[in-house]
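S.K.: Contents of query.cif (mmCIF, N, CA and C atoms) are below:
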data_input
loop_
_atom_site.label_atom_id
_atom_site.label_comp_id
_atom_site.auth_asym_id
_atom_site.auth_seq_id
_atom_site.Cartn_x
_atom_site.Cartn_y
_atom_site.Cartn_z
N MET N 1 74.96 -16.43 143.75
CA MET N 1 75.25 -16.99 142.45
C MET N 1 76.64 -16.54 141.98
N ALA N 2 76.95 -15.25 142.14
CA ALA N 2 78.26 -14.75 141.72
C ALA N 2 79.37 -15.33 142.60
N LEU N 3 79.08 -15.52 143.88
CA LEU N 3 80.07 -16.11 144.76
C LEU N 3 80.40 -17.53 144.32
N GLY N 4 79.38 -18.28 143.92
CA GLY N 4 79.61 -19.65 143.45
C GLY N 4 80.46 -19.68 142.20
N ALA N 5 80.15 -18.80 141.25
CA ALA N 5 80.93 -18.75 140.01
C ALA N 5 82.38 -18.36 140.30
N PHE N 6 82.57 -17.38 141.19
CA PHE N 6 83.93 -16.94 141.51
C PHE N 6 84.70 -18.03 142.25
N LEU N 7 84.07 -18.65 143.24
CA LEU N 7 84.74 -19.69 144.02
C LEU N 7 85.13 -20.87 143.13
N PHE N 8 84.22 -21.32 142.31
CA PHE N 8 84.51 -22.46 141.44
C PHE N 8 85.57 -22.10 140.41
N ALA N 9 85.52 -20.89 139.85
CA ALA N 9 86.51 -20.48 138.85
C ALA N 9 87.89 -20.30 139.46
N ALA N 10 87.96 -19.90 140.72
CA ALA N 10 89.26 -19.69 141.37
C ALA N 10 89.86 -20.98 141.90
N VAL N 11 89.04 -21.84 142.48
CA VAL N 11 89.53 -23.03 143.17
C VAL N 11 89.42 -24.30 142.32
N GLY N 12 88.44 -24.36 141.43
CA GLY N 12 88.20 -25.57 140.65
C GLY N 12 89.34 -25.98 139.73
N PRO N 13 89.90 -25.08 138.91
CA PRO N 13 90.99 -25.49 138.02
C PRO N 13 92.23 -26.05 138.73
N PRO N 14 92.68 -25.48 139.86
CA PRO N 14 93.82 -26.13 140.53
C PRO N 14 93.48 -27.53 141.08
N ILE N 15 92.26 -27.70 141.57
CA ILE N 15 91.86 -29.03 142.04
C ILE N 15 91.82 -29.99 140.86
N GLY N 16 91.24 -29.55 139.75
CA GLY N 16 91.20 -30.38 138.55
C GLY N 16 92.59 -30.71 138.03
N ALA N 17 93.51 -29.74 138.10
CA ALA N 17 94.88 -30.00 137.66
C ALA N 17 95.55 -31.05 138.54
N ALA N 18 95.33 -30.97 139.85
CA ALA N 18 95.91 -31.95 140.76
C ALA N 18 95.34 -33.35 140.51
N VAL N 19 94.04 -33.42 140.26
CA VAL N 19 93.42 -34.72 139.98
C VAL N 19 93.93 -35.28 138.66
N THR N 20 94.02 -34.42 137.65
CA THR N 20 94.51 -34.85 136.34
C THR N 20 95.94 -35.34 136.43
N LEU N 21 96.78 -34.60 137.13
CA LEU N 21 98.18 -34.99 137.30
C LEU N 21 98.28 -36.32 138.04
N THR N 22 97.50 -36.48 139.09
CA THR N 22 97.51 -37.74 139.85
C THR N 22 97.02 -38.90 138.99
N ALA N 23 95.96 -38.68 138.22
CA ALA N 23 95.43 -39.75 137.37
C ALA N 23 96.42 -40.13 136.28
N LEU N 24 97.09 -39.14 135.70
CA LEU N 24 98.06 -39.45 134.65
C LEU N 24 99.25 -40.22 135.20
N VAL N 25 99.75 -39.81 136.36
CA VAL N 25 100.88 -40.51 136.97
C VAL N 25 100.48 -41.94 137.35
N ALA N 26 99.28 -42.09 137.92
CA ALA N 26 98.83 -43.43 138.32
C ALA N 26 98.56 -44.33 137.12
N SER N 27 98.01 -43.77 136.04
CA SER N 27 97.70 -44.60 134.88
C SER N 27 98.94 -44.98 134.08
N GLN N 28 99.99 -44.20 134.20
CA GLN N 28 101.24 -44.49 133.50
C GLN N 28 102.18 -45.35 134.34
N GLY N 29 101.81 -45.62 135.57
CA GLY N 29 102.66 -46.43 136.43
C GLY N 29 103.87 -45.66 136.94
N GLY N 30 103.74 -44.37 137.05
CA GLY N 30 104.86 -43.54 137.50
C GLY N 30 105.43 -42.75 136.34
N MET N 31 106.43 -41.96 136.64
CA MET N 31 107.06 -41.12 135.62
C MET N 31 108.35 -41.76 135.12
N ASP N 32 108.68 -41.51 133.88
CA ASP N 32 109.91 -42.04 133.30
C ASP N 32 111.13 -41.20 133.65
N LYS N 33 110.91 -39.92 133.82
CA LYS N 33 112.03 -39.01 134.07
C LYS N 33 112.38 -39.01 135.56
N PRO N 34 113.64 -39.25 135.92
CA PRO N 34 114.01 -39.28 137.34
C PRO N 34 113.74 -37.96 138.05
N ALA N 35 113.84 -36.82 137.35
CA ALA N 35 113.63 -35.53 137.99
C ALA N 35 112.18 -35.35 138.43
N LEU N 36 111.24 -36.01 137.74
CA LEU N 36 109.84 -35.85 138.07
C LEU N 36 109.36 -36.84 139.12
N GLU N 37 110.21 -37.79 139.49
CA GLU N 37 109.81 -38.76 140.50
C GLU N 37 109.91 -38.20 141.91
N THR N 38 110.63 -37.12 142.10
CA THR N 38 110.76 -36.53 143.42
C THR N 38 109.54 -35.67 143.71
N ALA N 39 109.34 -35.38 144.98
CA ALA N 39 108.22 -34.53 145.36
C ALA N 39 108.39 -33.13 144.79
N GLY N 40 109.60 -32.63 144.77
CA GLY N 40 109.85 -31.30 144.22
C GLY N 40 109.53 -31.24 142.73
N GLY N 41 109.85 -32.29 142.02
CA GLY N 41 109.54 -32.34 140.60
C GLY N 41 108.05 -32.36 140.34
N LEU N 42 107.30 -33.06 141.18
CA LEU N 42 105.85 -33.09 141.03
C LEU N 42 105.23 -31.74 141.37
N VAL N 43 105.80 -31.03 142.34
CA VAL N 43 105.29 -29.69 142.67
C VAL N 43 105.52 -28.74 141.50
N VAL N 44 106.71 -28.81 140.90
CA VAL N 44 106.99 -27.98 139.74
C VAL N 44 106.04 -28.33 138.59
N LEU N 45 105.81 -29.60 138.38
CA LEU N 45 104.90 -30.04 137.34
C LEU N 45 103.47 -29.58 137.61
N PHE N 46 103.06 -29.57 138.88
CA PHE N 46 101.73 -29.08 139.23
C PHE N 46 101.59 -27.61 138.89
N PHE N 47 102.57 -26.80 139.27
CA PHE N 47 102.48 -25.37 138.96
C PHE N 47 102.55 -25.12 137.46
N PHE N 48 103.29 -25.92 136.74
CA PHE N 48 103.32 -25.80 135.29
C PHE N 48 101.96 -26.18 134.70
N SER N 49 101.30 -27.16 135.30
CA SER N 49 99.99 -27.58 134.78
C SER N 49 98.93 -26.51 135.00
N LEU N 50 99.13 -25.60 135.95
CA LEU N 50 98.18 -24.52 136.15
C LEU N 50 98.12 -23.59 134.95
N LEU N 51 99.20 -23.54 134.17
CA LEU N 51 99.18 -22.72 132.95
C LEU N 51 98.11 -23.22 131.97
N PHE N 52 97.82 -24.50 132.02
CA PHE N 52 96.80 -25.07 131.15
C PHE N 52 95.46 -25.22 131.88
N ALA N 53 95.49 -25.36 133.19
CA ALA N 53 94.27 -25.61 133.95
C ALA N 53 93.31 -24.43 133.88
N TYR N 54 93.83 -23.22 134.06
CA TYR N 54 92.93 -22.08 134.05
C TYR N 54 92.33 -21.80 132.68
N PRO N 55 93.12 -21.75 131.59
CA PRO N 55 92.47 -21.50 130.30
C PRO N 55 91.47 -22.58 129.89
N LEU N 56 91.75 -23.84 130.23
CA LEU N 56 90.85 -24.93 129.83
C LEU N 56 89.72 -25.17 130.83
N GLY N 57 89.94 -24.86 132.09
CA GLY N 57 88.96 -25.24 133.10
C GLY N 57 88.13 -24.12 133.69
N ILE N 58 88.45 -22.87 133.39
CA ILE N 58 87.74 -21.79 134.08
C ILE N 58 86.30 -21.65 133.62
N LEU N 59 86.02 -21.89 132.34
CA LEU N 59 84.65 -21.74 131.86
C LEU N 59 83.72 -22.83 132.41
N PRO N 60 84.07 -24.13 132.30
CA PRO N 60 83.16 -25.11 132.91
C PRO N 60 83.08 -24.97 134.43
N ALA N 61 84.15 -24.52 135.07
CA ALA N 61 84.11 -24.31 136.52
C ALA N 61 83.16 -23.17 136.87
N ALA N 62 83.22 -22.07 136.14
CA ALA N 62 82.33 -20.94 136.42
C ALA N 62 80.87 -21.30 136.13
N MET N 63 80.64 -22.08 135.07
CA MET N 63 79.26 -22.50 134.78
C MET N 63 78.72 -23.42 135.87
N THR N 64 79.56 -24.34 136.33
CA THR N 64 79.14 -25.22 137.43
C THR N 64 78.91 -24.40 138.70
N GLY N 65 79.77 -23.43 138.95
CA GLY N 65 79.62 -22.57 140.13
C GLY N 65 78.36 -21.72 140.08
N THR N 66 77.98 -21.28 138.89
CA THR N 66 76.75 -20.51 138.76
C THR N 66 75.54 -21.37 139.14
N CYS N 67 75.52 -22.60 138.65
CA CYS N 67 74.42 -23.52 139.01
C CYS N 67 74.45 -23.84 140.50
N ALA N 68 75.63 -24.03 141.04
CA ALA N 68 75.74 -24.32 142.48
C ALA N 68 75.33 -23.11 143.30
N GLY N 69 75.60 -21.90 142.80
CA GLY N 69 75.18 -20.70 143.51
C GLY N 69 73.67 -20.60 143.62
N TRP N 70 72.94 -21.05 142.59
CA TRP N 70 71.48 -21.07 142.66
C TRP N 70 71.00 -22.04 143.72
N LEU N 71 71.75 -23.10 143.94
CA LEU N 71 71.35 -24.15 144.90
C LEU N 71 72.11 -24.03 146.22
N ARG N 72 72.68 -22.88 146.48
CA ARG N 72 73.58 -22.73 147.61
C ARG N 72 72.96 -23.15 148.95
N ASP N 73 71.72 -22.84 149.16
CA ASP N 73 71.09 -23.19 150.44
C ASP N 73 70.88 -24.69 150.60
N ARG N 74 70.97 -25.44 149.52
CA ARG N 74 70.76 -26.89 149.57
C ARG N 74 72.06 -27.69 149.56
N LEU N 75 73.19 -27.01 149.58
CA LEU N 75 74.49 -27.71 149.51
C LEU N 75 74.98 -28.11 150.89
N ARG N 76 74.16 -28.81 151.63
CA ARG N 76 74.53 -29.24 152.98
C ARG N 76 74.77 -30.75 153.07
N SER N 77 74.38 -31.50 152.05
CA SER N 77 74.49 -32.96 152.15
C SER N 77 75.48 -33.49 151.12
N PRO N 78 76.07 -34.64 151.40
CA PRO N 78 76.98 -35.26 150.42
C PRO N 78 76.31 -35.55 149.08
N ALA N 79 75.02 -35.85 149.08
CA ALA N 79 74.33 -36.10 147.82
C ALA N 79 74.32 -34.85 146.95
N ALA N 80 74.14 -33.69 147.54
CA ALA N 80 74.16 -32.43 146.79
C ALA N 80 75.56 -32.16 146.25
N TRP N 81 76.58 -32.43 147.05
CA TRP N 81 77.96 -32.21 146.59
C TRP N 81 78.27 -33.13 145.41
N LEU N 82 77.85 -34.38 145.50
CA LEU N 82 78.09 -35.33 144.42
C LEU N 82 77.30 -34.96 143.16
N GLY N 83 76.10 -34.42 143.35
CA GLY N 83 75.31 -33.97 142.21
C GLY N 83 75.98 -32.82 141.48
N ILE N 84 76.52 -31.87 142.22
CA ILE N 84 77.26 -30.77 141.60
C ILE N 84 78.54 -31.31 140.97
N GLY N 85 79.16 -32.30 141.59
CA GLY N 85 80.34 -32.93 141.00
C GLY N 85 80.00 -33.59 139.66
N GLY N 86 78.85 -34.23 139.59
CA GLY N 86 78.41 -34.82 138.32
C GLY N 86 78.18 -33.77 137.25
N LEU N 87 77.61 -32.64 137.64
CA LEU N 87 77.44 -31.54 136.69
C LEU N 87 78.80 -31.03 136.22
N GLY N 88 79.74 -30.91 137.15
CA GLY N 88 81.09 -30.48 136.79
C GLY N 88 81.75 -31.45 135.82
N ALA N 89 81.54 -32.74 136.03
CA ALA N 89 82.11 -33.74 135.12
C ALA N 89 81.51 -33.61 133.73
N ALA N 90 80.19 -33.45 133.66
CA ALA N 90 79.52 -33.33 132.36
C ALA N 90 79.97 -32.08 131.62
N LEU N 91 80.05 -30.97 132.33
CA LEU N 91 80.48 -29.73 131.68
C LEU N 91 81.95 -29.77 131.28
N SER N 92 82.78 -30.42 132.08
CA SER N 92 84.20 -30.53 131.73
C SER N 92 84.40 -31.36 130.47
N VAL N 93 83.72 -32.49 130.41
CA VAL N 93 83.84 -33.35 129.22
C VAL N 93 83.26 -32.65 128.00
N GLY N 94 82.13 -31.99 128.17
CA GLY N 94 81.54 -31.25 127.06
C GLY N 94 82.43 -30.14 126.55
N TRP N 95 83.02 -29.38 127.47
CA TRP N 95 83.90 -28.29 127.08
C TRP N 95 85.17 -28.82 126.41
N MET N 96 85.75 -29.86 126.94
CA MET N 96 86.97 -30.40 126.35
C MET N 96 86.69 -31.04 124.99
N THR N 97 85.48 -31.56 124.79
CA THR N 97 85.12 -32.09 123.49
C THR N 97 85.07 -30.97 122.45
N LEU N 98 84.54 -29.82 122.85
CA LEU N 98 84.49 -28.68 121.95
C LEU N 98 85.86 -28.06 121.72
N ALA N 99 86.70 -28.08 122.76
CA ALA N 99 87.98 -27.39 122.69
C ALA N 99 89.08 -28.20 121.99
N ARG N 100 88.91 -29.50 121.86
CA ARG N 100 89.98 -30.33 121.31
C ARG N 100 89.46 -31.22 120.20
N ASN N 101 90.37 -31.87 119.53
CA ASN N 101 90.04 -32.81 118.47
C ASN N 101 89.34 -34.02 119.10
N ALA N 102 88.17 -34.37 118.61
CA ALA N 102 87.36 -35.43 119.24
C ALA N 102 88.06 -36.79 119.23
N GLU N 103 88.78 -37.12 118.13
CA GLU N 103 89.45 -38.43 118.09
C GLU N 103 90.56 -38.51 119.12
N GLN N 104 91.29 -37.43 119.29
CA GLN N 104 92.38 -37.41 120.27
C GLN N 104 91.82 -37.42 121.69
N PHE N 105 90.65 -36.83 121.89
CA PHE N 105 90.09 -36.66 123.22
C PHE N 105 89.48 -37.94 123.78
N GLU N 106 89.03 -38.85 122.93
CA GLU N 106 88.29 -40.02 123.40
C GLU N 106 89.05 -40.84 124.44
N SER N 107 90.35 -40.97 124.28
CA SER N 107 91.11 -41.78 125.22
C SER N 107 91.35 -41.07 126.55
N GLU N 108 91.16 -39.76 126.60
CA GLU N 108 91.41 -39.00 127.82
C GLU N 108 90.14 -38.49 128.48
N ALA N 109 88.98 -38.85 127.97
CA ALA N 109 87.72 -38.29 128.49
C ALA N 109 87.53 -38.62 129.96
N TRP N 110 87.90 -39.81 130.39
CA TRP N 110 87.69 -40.19 131.78
C TRP N 110 88.50 -39.33 132.73
N ILE N 111 89.68 -38.89 132.29
CA ILE N 111 90.51 -38.05 133.16
C ILE N 111 89.84 -36.70 133.37
N HIS N 112 89.30 -36.12 132.31
CA HIS N 112 88.63 -34.82 132.44
C HIS N 112 87.33 -34.94 133.22
N ALA N 113 86.62 -36.06 133.04
CA ALA N 113 85.41 -36.28 133.82
C ALA N 113 85.74 -36.41 135.30
N LEU N 114 86.79 -37.15 135.61
CA LEU N 114 87.20 -37.31 137.01
C LEU N 114 87.62 -35.98 137.61
N ALA N 115 88.39 -35.20 136.87
CA ALA N 115 88.84 -33.89 137.36
C ALA N 115 87.65 -32.97 137.60
N GLY N 116 86.69 -32.93 136.67
CA GLY N 116 85.51 -32.09 136.85
C GLY N 116 84.64 -32.54 138.00
N PHE N 117 84.55 -33.86 138.17
CA PHE N 117 83.73 -34.40 139.26
C PHE N 117 84.33 -34.04 140.63
N VAL N 118 85.61 -34.31 140.80
CA VAL N 118 86.25 -34.05 142.10
C VAL N 118 86.27 -32.56 142.39
N ALA N 119 86.63 -31.75 141.39
CA ALA N 119 86.67 -30.30 141.59
C ALA N 119 85.28 -29.75 141.89
N GLY N 120 84.26 -30.23 141.17
CA GLY N 120 82.90 -29.76 141.42
C GLY N 120 82.40 -30.13 142.80
N ALA N 121 82.65 -31.37 143.21
CA ALA N 121 82.20 -31.81 144.53
C ALA N 121 82.94 -31.07 145.64
N ALA N 122 84.25 -30.87 145.48
CA ALA N 122 85.03 -30.15 146.51
C ALA N 122 84.60 -28.69 146.61
N CYS N 123 84.39 -28.06 145.48
CA CYS N 123 83.96 -26.66 145.50
C CYS N 123 82.54 -26.52 146.04
N ALA N 124 81.67 -27.49 145.74
CA ALA N 124 80.31 -27.47 146.30
C ALA N 124 80.36 -27.60 147.81
N TRP N 125 81.24 -28.44 148.30
CA TRP N 125 81.40 -28.57 149.75
C TRP N 125 81.85 -27.25 150.35
N LEU N 126 82.84 -26.60 149.71
CA LEU N 126 83.32 -25.31 150.21
C LEU N 126 82.22 -24.25 150.17
N LEU N 127 81.47 -24.20 149.08
CA LEU N 127 80.41 -23.21 148.96
C LEU N 127 79.31 -23.45 150.00
N GLY N 128 79.02 -24.70 150.29
CA GLY N 128 78.02 -25.01 151.31
C GLY N 128 78.48 -24.64 152.71
N ARG N 129 79.78 -24.55 152.92
CA ARG N 129 80.32 -24.19 154.24
C ARG N 129 80.31 -22.69 154.49
N ILE N 130 80.20 -21.89 153.44
CA ILE N 130 80.20 -20.44 153.60
C ILE N 130 78.82 -20.00 154.05
N ARG N 131 78.77 -19.29 155.15
CA ARG N 131 77.50 -18.84 155.71
C ARG N 131 77.06 -17.54 155.03
N ARG N 132 75.77 -17.43 154.83
CA ARG N 132 75.22 -16.18 154.30
C ARG N 132 75.15 -15.17 155.44
N ARG N 133 75.44 -13.92 155.10
CA ARG N 133 75.29 -12.84 156.07
C ARG N 133 73.89 -12.25 155.93
N ALA N 134 73.40 -11.72 157.02
CA ALA N 134 72.11 -11.05 156.97
C ALA N 134 72.27 -9.74 156.20
N ALA N 135 71.28 -9.40 155.41
CA ALA N 135 71.31 -8.15 154.66
C ALA N 135 71.14 -6.99 155.63
N PRO N 136 71.70 -5.81 155.28
CA PRO N 136 71.51 -4.65 156.17
C PRO N 136 70.02 -4.35 156.35
N GLY N 137 69.63 -4.12 157.56
CA GLY N 137 68.23 -3.84 157.86
C GLY N 137 67.46 -5.07 158.28
N ASP N 138 68.00 -6.25 158.01
CA ASP N 138 67.32 -7.47 158.45
C ASP N 138 67.58 -7.66 159.94
N THR N 139 66.53 -7.84 160.67
CA THR N 139 66.67 -8.10 162.10
C THR N 139 66.04 -9.44 162.39
N PRO N 140 66.61 -10.19 163.30
CA PRO N 140 65.99 -11.45 163.66
C PRO N 140 64.62 -11.22 164.30
N ALA N 141 63.75 -12.12 164.09
CA ALA N 141 62.40 -11.99 164.66
C ALA N 141 62.49 -12.03 166.17
N ALA N 142 61.81 -11.07 166.78
CA ALA N 142 61.81 -11.01 168.25
C ALA N 142 60.91 -12.10 168.79
N PRO N 143 61.30 -12.72 169.89
CA PRO N 143 60.42 -13.74 170.48
C PRO N 143 59.13 -13.10 170.98
N SER N 144 58.07 -13.83 170.87
CA SER N 144 56.78 -13.29 171.32
C SER N 144 56.74 -13.32 172.84
N PRO N 145 56.02 -12.40 173.41
CA PRO N 145 55.95 -12.34 174.89
C PRO N 145 55.28 -13.56 175.50
N THR N 146 54.49 -14.26 174.72
CA THR N 146 53.79 -15.43 175.28
C THR N 146 54.62 -16.69 175.18
N GLY N 147 55.77 -16.60 174.46
CA GLY N 147 56.65 -17.76 174.36
C GLY N 147 56.30 -18.68 173.21
N THR N 148 55.39 -18.32 172.34
CA THR N 148 55.03 -19.18 171.22
C THR N 148 55.59 -18.67 169.94
#
Since I need it in another form, could you write the structure as structure tokens?
M.R.:
Amino acid sequence: MALGAFLFAAVGPPIGAAVTLTALVASQGGMDKPALETAGGLVVLFFFSLLFAYPLGILPAAMTGTCAGWLRDRLRSPAAWLGIGGLGAALSVGWMTLARNAEQFESEAWIHALAGFVAGAACAWLLGRIRRRAAPGDTPAAPSPTGT
């Protein structure tokens, strides 16, 4: 459970920032400023967006990660990843509704939902790929001498 919260809190906000930046650029039809049209300008803008991604996204990411940590053994299928992504979207929209002015937020809700969904699904996939280690003292069951 703690691993899920830590993984989602560490990796989720940068993924959400990248999705948000991509959605904003795509919805605006590109950038107006020539300096931001280059790849270097977008990289600088991405790192600048991390200043906002962690304070705004760490709490819903950690909450989603805690829930995913409880379901860690079941995070092997795409349906499970998408389900955690849906939870991430709901928590992201809920948190941003509380954190910002509701009238201003209504036009941007889809961007935060998309960011939470993609970040939640990607982090769920990563968490499902991490293997559990055996606890100290746990030994695998010895095969029976009769072969059954």
S.K.: In Å, how far is it from atom C of Thr64 in chain N to CA of Thr97 in chain N?
M.R.: 18.1 Å
S.K.: How close does each residue of range 3-104 of chain N get to range 119-126 of chain N, giving the shortest atom pair and distance in Å to one decimal for every residue with an atom at most 6.5 Å away, counting all atoms listed in the file, sorted by chain and residue number, as a tab-separated table?
M.R.:
residue	atom	partner	partner_atom	distance
N:Leu7	C	N:Cys123	CA	6.4
N:Phe8	CA	N:Cys123	CA	5.9
N:Gly12	CA	N:Ala119	CA	5.1
N:Ile15	C	N:Ala119	CA	5.2
N:Gly16	N	N:Ala119	CA	5.0
N:Leu75	CA	N:Ala124	C	6.1
N:Trp81	C	N:Ala121	CA	4.2
N:Leu82	N	N:Ala121	CA	5.1
N:Ile84	C	N:Gly120	C	4.4
N:Gly85	CA	N:Ala121	N	3.6
N:Gly86	N	N:Ala121	N	6.0
N:Gly88	CA	N:Gly120	CA	5.0
N:Ala89	N	N:Gly120	CA	6.3
S.K.: To one decimal place, how far is atom C of Ala115 in chain N from atom C of Trp95 in chain N in Å?
M.R.: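 One can read the atom C of Ala115 in chain N to atom C of Trp95 in chain N distance as 12.2 Å.
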S.K.: With the file shown as input, list the residues that the PyMOL selection byres (((chain N and resi 4 and name CA) around 9) and name CA) selects, as a VMD selection string.
M.R.: chain N and resid 1 to 3 5 to 9 62 64 to 70 72 123 to 124 127
S.K.: Please write the residues from the selection above to a file, keeping N, CA and C atoms, as a CSV table (one decimal), in the coordinates of the input.
M.R.:
chain,number,residue,atom,x,y,z
N,1,MET,N,75.0,-16.4,143.8
N,1,MET,CA,75.2,-17.0,142.4
N,1,MET,C,76.6,-16.5,142.0
N,2,ALA,N,77.0,-15.2,142.1
N,2,ALA,CA,78.3,-14.8,141.7
N,2,ALA,C,79.4,-15.3,142.6
N,3,LEU,N,79.1,-15.5,143.9
N,3,LEU,CA,80.1,-16.1,144.8
N,3,LEU,C,80.4,-17.5,144.3
N,5,ALA,N,80.2,-18.8,141.2
N,5,ALA,CA,80.9,-18.8,140.0
N,5,ALA,C,82.4,-18.4,140.3
N,6,PHE,N,82.6,-17.4,141.2
N,6,PHE,CA,83.9,-16.9,141.5
N,6,PHE,C,84.7,-18.0,142.2
N,7,LEU,N,84.1,-18.6,143.2
N,7,LEU,CA,84.7,-19.7,144.0
N,7,LEU,C,85.1,-20.9,143.1
N,8,PHE,N,84.2,-21.3,142.3
N,8,PHE,CA,84.5,-22.5,141.4
N,8,PHE,C,85.6,-22.1,140.4
N,9,ALA,N,85.5,-20.9,139.8
N,9,ALA,CA,86.5,-20.5,138.8
N,9,ALA,C,87.9,-20.3,139.5
N,62,ALA,N,83.2,-22.1,136.1
N,62,ALA,CA,82.3,-20.9,136.4
N,62,ALA,C,80.9,-21.3,136.1
N,64,THR,N,79.6,-24.3,136.3
N,64,THR,CA,79.1,-25.2,137.4
N,64,THR,C,78.9,-24.4,138.7
N,65,GLY,N,79.8,-23.4,139.0
N,65,GLY,CA,79.6,-22.6,140.1
N,65,GLY,C,78.4,-21.7,140.1
N,66,THR,N,78.0,-21.3,138.9
N,66,THR,CA,76.8,-20.5,138.8
N,66,THR,C,75.5,-21.4,139.1
N,67,CYS,N,75.5,-22.6,138.6
N,67,CYS,CA,74.4,-23.5,139.0
N,67,CYS,C,74.4,-23.8,140.5
N,68,ALA,N,75.6,-24.0,141.0
N,68,ALA,CA,75.7,-24.3,142.5
N,68,ALA,C,75.3,-23.1,143.3
N,69,GLY,N,75.6,-21.9,142.8
N,69,GLY,CA,75.2,-20.7,143.5
N,69,GLY,C,73.7,-20.6,143.6
N,70,TRP,N,72.9,-21.0,142.6
N,70,TRP,CA,71.5,-21.1,142.7
N,70,TRP,C,71.0,-22.0,143.7
N,72,ARG,N,72.7,-22.9,146.5
N,72,ARG,CA,73.6,-22.7,147.6
N,72,ARG,C,73.0,-23.2,149.0
N,123,CYS,N,84.4,-28.1,145.5
N,123,CYS,CA,84.0,-26.7,145.5
N,123,CYS,C,82.5,-26.5,146.0
N,124,ALA,N,81.7,-27.5,145.7
N,124,ALA,CA,80.3,-27.5,146.3
N,124,ALA,C,80.4,-27.6,147.8
N,127,LEU,N,81.5,-24.2,149.1
N,127,LEU,CA,80.4,-23.2,149.0
N,127,LEU,C,79.3,-23.4,150.0
S.K.: My list of candidates is N:Val11, N:Leu71, N:Ala18, N:Val25. Which is closest to Leu50 in chain N when distances are computed with all atoms listed in the file?
M.R.: N:Ala18
S.K.: Which distance in Å separates CA of Leu59 in chain N and CA of Ala109 in chain N, to one decimal?
M.R.: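 Rounded to one decimal, the two atoms are 17.2 Å apart.
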S.K.: Select from range 17-122 of chain N everything DSSP, run on the backbone, classes as alpha helix (DSSP H), then give the selection as a ChimeraX atom specification.
M.R.: /N:17-28,39-70,78-99,102-105,109-122
S.K.: From the set N:Ile130, N:Ala90, N:Ser27, N:Phe48, which residue has the shortest atom-to-atom contact distance to Pro60 in chain N, counting only N, CA and C atoms?
M.R.: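 Of N:Ile130, N:Ala90, N:Ser27, N:Phe48, the one nearest Pro60 in chain N is N:Ala90, counting only N, CA and C atoms.
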S.K.: Name the residues, using the chain letters and numbers of the file, that sit within 8 Å of (91.2, -28.1, 132.1) when counting all atoms listed in the file, and give them as a list of chain:residue names.
M.R.: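 Every polymer residue passing the test: N:Pro13, N:Gly16, N:Ala17, N:Phe52, N:Ala53, N:Tyr54, N:Pro55, N:Leu56, N:Gly57, N:Ile58, N:Ser92, N:Met96, N:His112.
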S.K.: For N, CA and C atoms, I'd like the residues from the last selection saved as a compact mmCIF listing (two decimals), in the frame of the given file.
M.R.:
# COMPACT_ATOMS: atom_id res chain seq x y z
N PRO N 13 89.90 -25.08 138.91
CA PRO N 13 90.99 -25.49 138.02
C PRO N 13 92.23 -26.05 138.73
N GLY N 16 91.24 -29.55 139.75
CA GLY N 16 91.20 -30.38 138.55
C GLY N 16 92.59 -30.71 138.03
N ALA N 17 93.51 -29.74 138.10
CA ALA N 17 94.88 -30.00 137.66
C ALA N 17 95.55 -31.05 138.54
N PHE N 52 97.82 -24.50 132.02
CA PHE N 52 96.80 -25.07 131.15
C PHE N 52 95.46 -25.22 131.88
N ALA N 53 95.49 -25.36 133.19
CA ALA N 53 94.27 -25.61 133.95
C ALA N 53 93.31 -24.43 133.88
N TYR N 54 93.83 -23.22 134.06
CA TYR N 54 92.93 -22.08 134.05
C TYR N 54 92.33 -21.80 132.68
N PRO N 55 93.12 -21.75 131.59
CA PRO N 55 92.47 -21.50 130.30
C PRO N 55 91.47 -22.58 129.89
N LEU N 56 91.75 -23.84 130.23
CA LEU N 56 90.85 -24.93 129.83
C LEU N 56 89.72 -25.17 130.83
N GLY N 57 89.94 -24.86 132.09
CA GLY N 57 88.96 -25.24 133.10
C GLY N 57 88.13 -24.12 133.69
N ILE N 58 88.45 -22.87 133.39
CA ILE N 58 87.74 -21.79 134.08
C ILE N 58 86.30 -21.65 133.62
N SER N 92 82.78 -30.42 132.08
CA SER N 92 84.20 -30.53 131.73
C SER N 92 84.40 -31.36 130.47
N MET N 96 85.75 -29.86 126.94
CA MET N 96 86.97 -30.40 126.35
C MET N 96 86.69 -31.04 124.99
N HIS N 112 89.30 -36.12 132.31
CA HIS N 112 88.63 -34.82 132.44
C HIS N 112 87.33 -34.94 133.22
S.K.: From the list N:Val19, N:Val93, N:Leu24, N:Leu45, which residue is nearest Ala113 in chain N when using all atoms listed in the file?
M.R.: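 The closest residue to Ala113 in chain N is N:Val93.
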S.K.: Taking into account only N, CA and C atoms, which residue in the set N:Thr20, N:Phe117, N:Arg129, N:Phe46 is nearest to Leu91 in chain N?
M.R.: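 Among N:Thr20, N:Phe117, N:Arg129, N:Phe46, it is N:Phe117 that comes nearest to Leu91 in chain N.
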